[in-house]
Amino acid sequence: MIDTLDTIVALSSPDGRAGRAIIRLSGPRAIDIVRGSFRPTGGDALPAQIHHSNNSSASSGAAASPAWHAVEGRWQLSDSAAVPVLLLVMPGPRSYTRQDVAELHLPGNPLLCRAVISQLVEAGARPAAPGEFTARAFLNGRLDLAQAEAVMAIINAAGERALTAAEHLLAGRLSARIEEIIDRVRLLLAEVELAIDFAHEEVPTVSGEAIRRRALEARDAIVELGRSATAVEATGSNLRVVLVGRPNVGKSSLFNALAGGDGQRAIVSDIPGTTRDELRATIDMGDVRLVLSDTAGLEEAAATIESSASAERLRQAGQGRTAEALARAELVLMVVESPRLAADSAAAEDVASLSANLAAPLVLVVNKADESCHGASAAETAERAVRAINRAVASSGDCAAPAVPVVVTSARTGQGLDDLRQAMREALGGGRVDRAADAVSVSARHRRCLDDAAAALWRAARASGHAGGGISDGAADDGAGQAGWSHLPVELVALELREALDALGEITGRTSPQAVLEEIFGRFCIGK
Ligand code: GDP
């Protein structure tokens with residue numbers, strides 16, 4: 001349990017020798033504890049009202065006073081020894097943590113800092129745990145969870161792309177878009193619950209078809225958001241591109257063909273599932289440099305994702321690495337086989353639902369275009385495969401379903417590889433950081449939540465209509481009326497909508513379980 005009632009202290013600058021170091025305190029006794037050893041110099045004194053500030057003083061009076069006070073003085077290390085310090089006092093609730101915060105700026109000597117922290121602990125402060133200041137900012141409503149993570153992302157940013165993405169996250173744009181979608185899904189859930197409550201009465205309720213359409217619209221909005229977002233974990237100028245697909249579709253062969261001589265060579269094998277470890281190659285494409293990785297295949301994931309699709313379940317199924325790679329990718333190349341898609345429309349539907357619920361930028365690669373099936377030529381087979389996939393993609397989404405570029409290749413003959421490189425370049429937008437005012441960025445954790453929410457909405461749509469085989473007898477119209485609900489597992493629709501709301505709420509921290517919070521804040525360093 002994260003405690004917020006006591007007063008915490010930590011060194012919040014790097015531990016080492018420097019011109020200045022900063023020791024930070026937060027909590028109801030922060031200012032009192034500092035007063036014990038702080039002696040103001042000159043005419044400065046701690047203004048009297050600071051002494052009376054407390055966490056509940058969000059009154060208009062507090063708004064009129066300055067948000068912080070700086071007082072020069074000396075810090076008494078003992079009766080006879082003192083060092084010059086600058087004390088910054090930030091009374092709650094306008095401080096970072098919304099509690100009273102005090103910062104001591106003192107000469108940057110590690111021994112000195114340790115001695116001062118010991119004094120502060122003796123006077124009643126508790127050494128802070130990692131991320132505890134930011135955890136308090138979150139728990140006191142100063143930041144939502146995505147913004148709190150942005151603080152860490154800014155501290156850790158290793159390049160311009162990552163820094164810009166983290167700034168977008170801190171600005172709260174992702175949170176605002178998520179809240180909009182949450183409102184839509186919540187309204188939908190309310191209407192479904194009304195239909196459950198009045199199932200046996202002559203009260204007009206929303207039709208199954210209308211629920212299906214609105215669930216898919218919300219799903220599409222989530223997928224679109226994820227696809228247009230910049231990854232917060234962007235590393236320098238290298239963009240992460242991940243190859244995924246069932247075993248044996250030709251991922252390793254494509255990896256080798258794209259990597260040329262530059263990277264490690266992937267192992268190409270006829271035995272499904274041979275690519276055990278993630279292989280990487282750095283590819284220079286002129287305007288963009290990318291790191292291509294061939295992950296362990298989707299194995300059962302492709303078969304189960306359209307029905308279960310939660311990243312959590314993928315991890316449990318031993319697909320952790322693939323789920324993680326998908327969440328962190330700037331671009332996903334989903335590889336499918338031309339002859340299989342041409343011959344099997346269910347396979348095309350599988351791929352379509354898999355891709356439609358994936359909140360990552362995506363290119364669909366129809367590989368093995370040199371192979372033919374059922375007496376058709378290879379070219380006819382590939383055409384059939386593309387038609388099947390386009391048809392399935394169109395029917396798995398709503399009118400606003402995000403378009404997925406489809407490229408036909410043969411890793412064996414080299415056909416289509418230039419088209420694939422071009423599609424990758426376009427999808428990556430030349431590797432530039434989107435600086436538009438409405439640009440959004442997401443972390444890998446957020447992308448996994450988006451995937452989970454998209455998949456839950458897809459399942460809600462399927463349960464309420466005919467998106468995946470028709471549980472309902474299908475109300476064709478859009479209007480009110482009970483037609484179409486009579487044989488529906490309406491409770492199942494409500495359950496899936498709740499699951500989508502939980503996944504979305506985890507992004508901003510509304511519904512994050514304690515363990516998730518502890519895990520996130522535990523990754524911060526002490527003093528942040
Ligand atoms: P992975 O399991 O998805 O990584 O697939 P591999 O790259 O190991 O390829 C599986 C098999 O398909 C190997 O025998 C490859 O030679 C073959 N293969 C890969 N790409 C093509 C292609 O474009 N055309 C044909 N005919 N075979 C291919």
# chains A, B, ... in the order shown; residues from 1 in each chain; ligands from 1
>>> residues_around(residues="Lys528 of chain A", least_positions_apart="4", cutoff="7 Å", atoms="only C-alpha atoms", output="VMD selection string")
chain A and resid 12 130 to 134 524
>>> write_last_selection(atoms="N, CA and C atoms", output="PDB file, in the first residue's frame")
ATOM      1  N   SER A  12      17.133  14.460  -4.493  1.00  0.00           N
ATOM      2  CA  SER A  12      16.463  14.361  -5.781  1.00  0.00           C
ATOM      3  C   SER A  12      17.361  14.779  -6.942  1.00  0.00           C
ATOM      4  N   PRO A 130      11.348   4.478  -4.116  1.00  0.00           N
ATOM      5  CA  PRO A 130      11.472   4.926  -5.515  1.00  0.00           C
ATOM      6  C   PRO A 130      10.137   5.463  -6.040  1.00  0.00           C
ATOM      7  N   GLY A 131      10.206   6.599  -6.717  1.00  0.00           N
ATOM      8  CA  GLY A 131       9.006   7.157  -7.356  1.00  0.00           C
ATOM      9  C   GLY A 131       7.953   7.684  -6.411  1.00  0.00           C
ATOM     10  N   GLU A 132       8.272   7.780  -5.123  1.00  0.00           N
ATOM     11  CA  GLU A 132       7.215   8.095  -4.161  1.00  0.00           C
ATOM     12  C   GLU A 132       6.687   9.530  -4.288  1.00  0.00           C
ATOM     13  N   PHE A 133       7.523  10.467  -4.695  1.00  0.00           N
ATOM     14  CA  PHE A 133       7.026  11.845  -4.892  1.00  0.00           C
ATOM     15  C   PHE A 133       5.999  11.867  -6.023  1.00  0.00           C
ATOM     16  N   THR A 134       6.343  11.177  -7.131  1.00  0.00           N
ATOM     17  CA  THR A 134       5.419  11.163  -8.267  1.00  0.00           C
ATOM     18  C   THR A 134       4.175  10.337  -7.941  1.00  0.00           C
ATOM     19  N   PHE A 524      10.741   3.901 -10.985  1.00  0.00           N
ATOM     20  CA  PHE A 524      11.353   5.231 -10.877  1.00  0.00           C
ATOM     21  C   PHE A 524      12.611   5.122 -10.027  1.00  0.00           C
TER      22      PHE A 524
END
>>> select_by_dssp(residues="segment 179-258 of chain A", states="strand (DSSP E)", output="number ranges by chain")
A: 230-231, 238-244
>>> write_last_selection(atoms="all heavy atoms", output="compact mmCIF listing (two decimals), in the first residue's frame")
# COMPACT_ATOMS: atom_id res chain seq x y z
N THR A 230 3.11 8.06 -31.33
CA THR A 230 4.56 7.82 -31.29
C THR A 230 4.87 7.01 -30.05
O THR A 230 4.29 7.24 -28.99
CB THR A 230 5.31 9.17 -31.17
OG1 THR A 230 4.82 10.04 -32.17
CG2 THR A 230 6.81 9.00 -31.32
N ALA A 231 5.80 6.07 -30.18
CA ALA A 231 6.17 5.26 -29.02
C ALA A 231 7.05 6.08 -28.08
O ALA A 231 8.03 6.68 -28.50
CB ALA A 231 6.90 4.01 -29.46
N ASN A 238 16.64 5.29 -34.11
CA ASN A 238 16.28 3.98 -34.65
C ASN A 238 14.81 3.66 -34.39
O ASN A 238 14.34 3.82 -33.28
CB ASN A 238 17.13 2.88 -34.01
CG ASN A 238 18.57 2.97 -34.46
OD1 ASN A 238 18.86 3.60 -35.47
ND2 ASN A 238 19.46 2.34 -33.71
N LEU A 239 14.13 3.21 -35.42
CA LEU A 239 12.72 2.87 -35.26
C LEU A 239 12.57 1.35 -35.21
O LEU A 239 13.23 0.64 -35.97
CB LEU A 239 11.92 3.42 -36.45
CG LEU A 239 12.06 4.91 -36.67
CD1 LEU A 239 11.35 5.34 -37.94
CD2 LEU A 239 11.48 5.66 -35.49
N ARG A 240 11.72 0.89 -34.32
CA ARG A 240 11.57 -0.55 -34.15
C ARG A 240 10.52 -1.12 -35.11
O ARG A 240 9.37 -0.68 -35.08
CB ARG A 240 11.16 -0.89 -32.73
CG ARG A 240 12.34 -1.09 -31.80
CD ARG A 240 11.85 -1.37 -30.41
NE ARG A 240 11.29 -0.14 -29.87
CZ ARG A 240 11.77 0.48 -28.80
NH1 ARG A 240 12.80 -0.01 -28.17
NH2 ARG A 240 11.23 1.60 -28.37
N VAL A 241 10.94 -2.07 -35.91
CA VAL A 241 10.01 -2.73 -36.84
C VAL A 241 10.01 -4.22 -36.49
O VAL A 241 11.06 -4.83 -36.35
CB VAL A 241 10.45 -2.52 -38.30
CG1 VAL A 241 9.52 -3.25 -39.25
CG2 VAL A 241 10.49 -1.03 -38.63
N VAL A 242 8.82 -4.77 -36.30
CA VAL A 242 8.72 -6.16 -35.84
C VAL A 242 7.98 -7.01 -36.87
O VAL A 242 6.94 -6.60 -37.39
CB VAL A 242 7.94 -6.19 -34.50
CG1 VAL A 242 7.77 -7.62 -34.01
CG2 VAL A 242 8.67 -5.37 -33.45
N LEU A 243 8.54 -8.18 -37.16
CA LEU A 243 7.88 -9.15 -38.05
C LEU A 243 7.09 -10.13 -37.20
O LEU A 243 7.64 -10.74 -36.29
CB LEU A 243 8.95 -9.95 -38.81
CG LEU A 243 9.60 -9.30 -40.02
CD1 LEU A 243 10.94 -9.95 -40.30
CD2 LEU A 243 8.70 -9.43 -41.25
N VAL A 244 5.81 -10.27 -37.48
CA VAL A 244 5.02 -11.28 -36.76
C VAL A 244 4.19 -12.08 -37.75
O VAL A 244 3.93 -11.64 -38.87
CB VAL A 244 4.05 -10.66 -35.71
CG1 VAL A 244 4.80 -10.05 -34.57
CG2 VAL A 244 3.11 -9.67 -36.35
>>> residues_around(residues="Arg24 of chain A", least_positions_apart="3", cutoff="7 Å", atoms="only C-alpha atoms", output="list in words")
Val9, Ala10, Leu11, Ser12, Ala102, Glu103 and Leu104 of chain A
>>> closest_residue(among="A:Ser253, A:Ser377, A:Asn390, A:Thr164", to="ligand 1", atoms="only C-alpha atoms and all ligand atoms")
A:Ser253
>>> residues_around(residues="Asn357 of chain A", least_positions_apart="5", cutoff="8 Å", atoms="only C-alpha atoms", output="list of chain:residue names")
A:Arg219, A:Val223, A:Asp451, A:Ala454, A:Ala455, A:Trp458
>>> atom_distance(atom1="atom CA of Glu217 of chain A", atom2="atom CA of Leu457 of chain A")
9.1 Å
>>> select_by_dssp(residues="segment 121-172 of chain A", states="helix (DSSP H, G or I)", output="MDAnalysis selection string")
chainID A and resid 121:122 132:139 145:156 160:170
>>> write_last_selection(atoms="C-alpha atoms", output="PDB file, in the first residue's frame")
ATOM      1  CA  VAL A 121      15.087  11.606   9.281  1.00  0.00           C
ATOM      2  CA  GLU A 122      15.955  12.085  12.933  1.00  0.00           C
ATOM      3  CA  GLU A 132       7.215   8.095  -4.161  1.00  0.00           C
ATOM      4  CA  PHE A 133       7.026  11.845  -4.892  1.00  0.00           C
ATOM      5  CA  THR A 134       5.419  11.163  -8.267  1.00  0.00           C
ATOM      6  CA  ALA A 135       3.181   8.484  -6.708  1.00  0.00           C
ATOM      7  CA  ARG A 136       1.890  11.162  -4.320  1.00  0.00           C
ATOM      8  CA  ALA A 137       1.330  13.535  -7.253  1.00  0.00           C
ATOM      9  CA  PHE A 138      -0.776  10.787  -8.879  1.00  0.00           C
ATOM     10  CA  LEU A 139      -2.660   9.721  -5.743  1.00  0.00           C
ATOM     11  CA  LEU A 145      -1.036   7.667 -14.349  1.00  0.00           C
ATOM     12  CA  ALA A 146      -0.044   8.249 -17.981  1.00  0.00           C
ATOM     13  CA  GLN A 147       1.336  11.671 -17.038  1.00  0.00           C
ATOM     14  CA  ALA A 148       3.192  10.221 -14.052  1.00  0.00           C
ATOM     15  CA  GLU A 149       4.817   7.725 -16.419  1.00  0.00           C
ATOM     16  CA  ALA A 150       5.676  10.645 -18.693  1.00  0.00           C
ATOM     17  CA  VAL A 151       7.732  12.158 -15.866  1.00  0.00           C
ATOM     18  CA  MET A 152       9.833   9.003 -15.811  1.00  0.00           C
ATOM     19  CA  ALA A 153       9.983   8.908 -19.624  1.00  0.00           C
ATOM     20  CA  ILE A 154      11.307  12.496 -19.685  1.00  0.00           C
ATOM     21  CA  ILE A 155      14.009  11.619 -17.157  1.00  0.00           C
ATOM     22  CA  ASN A 156      14.999   8.521 -19.156  1.00  0.00           C
ATOM     23  CA  GLU A 160      14.923  13.777 -29.339  1.00  0.00           C
ATOM     24  CA  ARG A 161      12.108  11.500 -30.507  1.00  0.00           C
ATOM     25  CA  ALA A 162      11.721   9.974 -27.050  1.00  0.00           C
ATOM     26  CA  LEU A 163      11.841  13.366 -25.354  1.00  0.00           C
ATOM     27  CA  THR A 164       9.181  14.870 -27.639  1.00  0.00           C
ATOM     28  CA  ALA A 165       6.978  11.789 -27.217  1.00  0.00           C
ATOM     29  CA  ALA A 166       7.310  11.990 -23.415  1.00  0.00           C
ATOM     30  CA  GLU A 167       6.433  15.705 -23.477  1.00  0.00           C
ATOM     31  CA  HIS A 168       3.257  14.913 -25.449  1.00  0.00           C
ATOM     32  CA  LEU A 169       2.362  12.315 -22.843  1.00  0.00           C
ATOM     33  CA  LEU A 170       2.943  14.754 -19.979  1.00  0.00           C
TER      34      LEU A 170
END
>>> residues_around(residues="Ala379 of chain A", least_positions_apart="5", cutoff="12 Å", atoms="only C-alpha atoms", output="list of chain:residue names")
A:Ser338, A:Pro339, A:Ala342, A:Val366, A:Asn367, A:Lys368, A:Ala369, A:Asp370, A:Glu371, A:Ser372, A:Cys373, A:Arg384, A:Ala385, A:Val386, A:Val408, A:Thr409, A:Ser410, A:Gln415
>>> residues_around(residues="Val249 of chain A", least_positions_apart="5", cutoff="7 Å", atoms="only C-alpha atoms", output="ChimeraX atom specification")
/A:335-337
>>> closest_residue(among="A:Val406, A:Ala18, A:Ala327, A:Ala411", to="ligand 1", atoms="only C-alpha atoms and all ligand atoms")
A:Ala411
>>> atom_distance(atom1="atom CA of Leu501 of chain A", atom2="atom CA of Leu362 of chain A")
24.4 Å
>>> residues_around(residues="Ser175 of chain A", least_positions_apart="3", cutoff="7 Å", atoms="only C-alpha atoms", output="VMD selection string")
chain A and resid 146 172 178 to 179 508
>>> atom_distance(atom1="atom CA of Ala221 of chain A", atom2="atom CA of Ile181 of chain A")
7.6 Å
>>> closest_residue(among="A:Arg29, A:Arg412, A:Arg421, A:His446", to="ligand 1", atoms="only C-alpha atoms and all ligand atoms")
A:Arg412
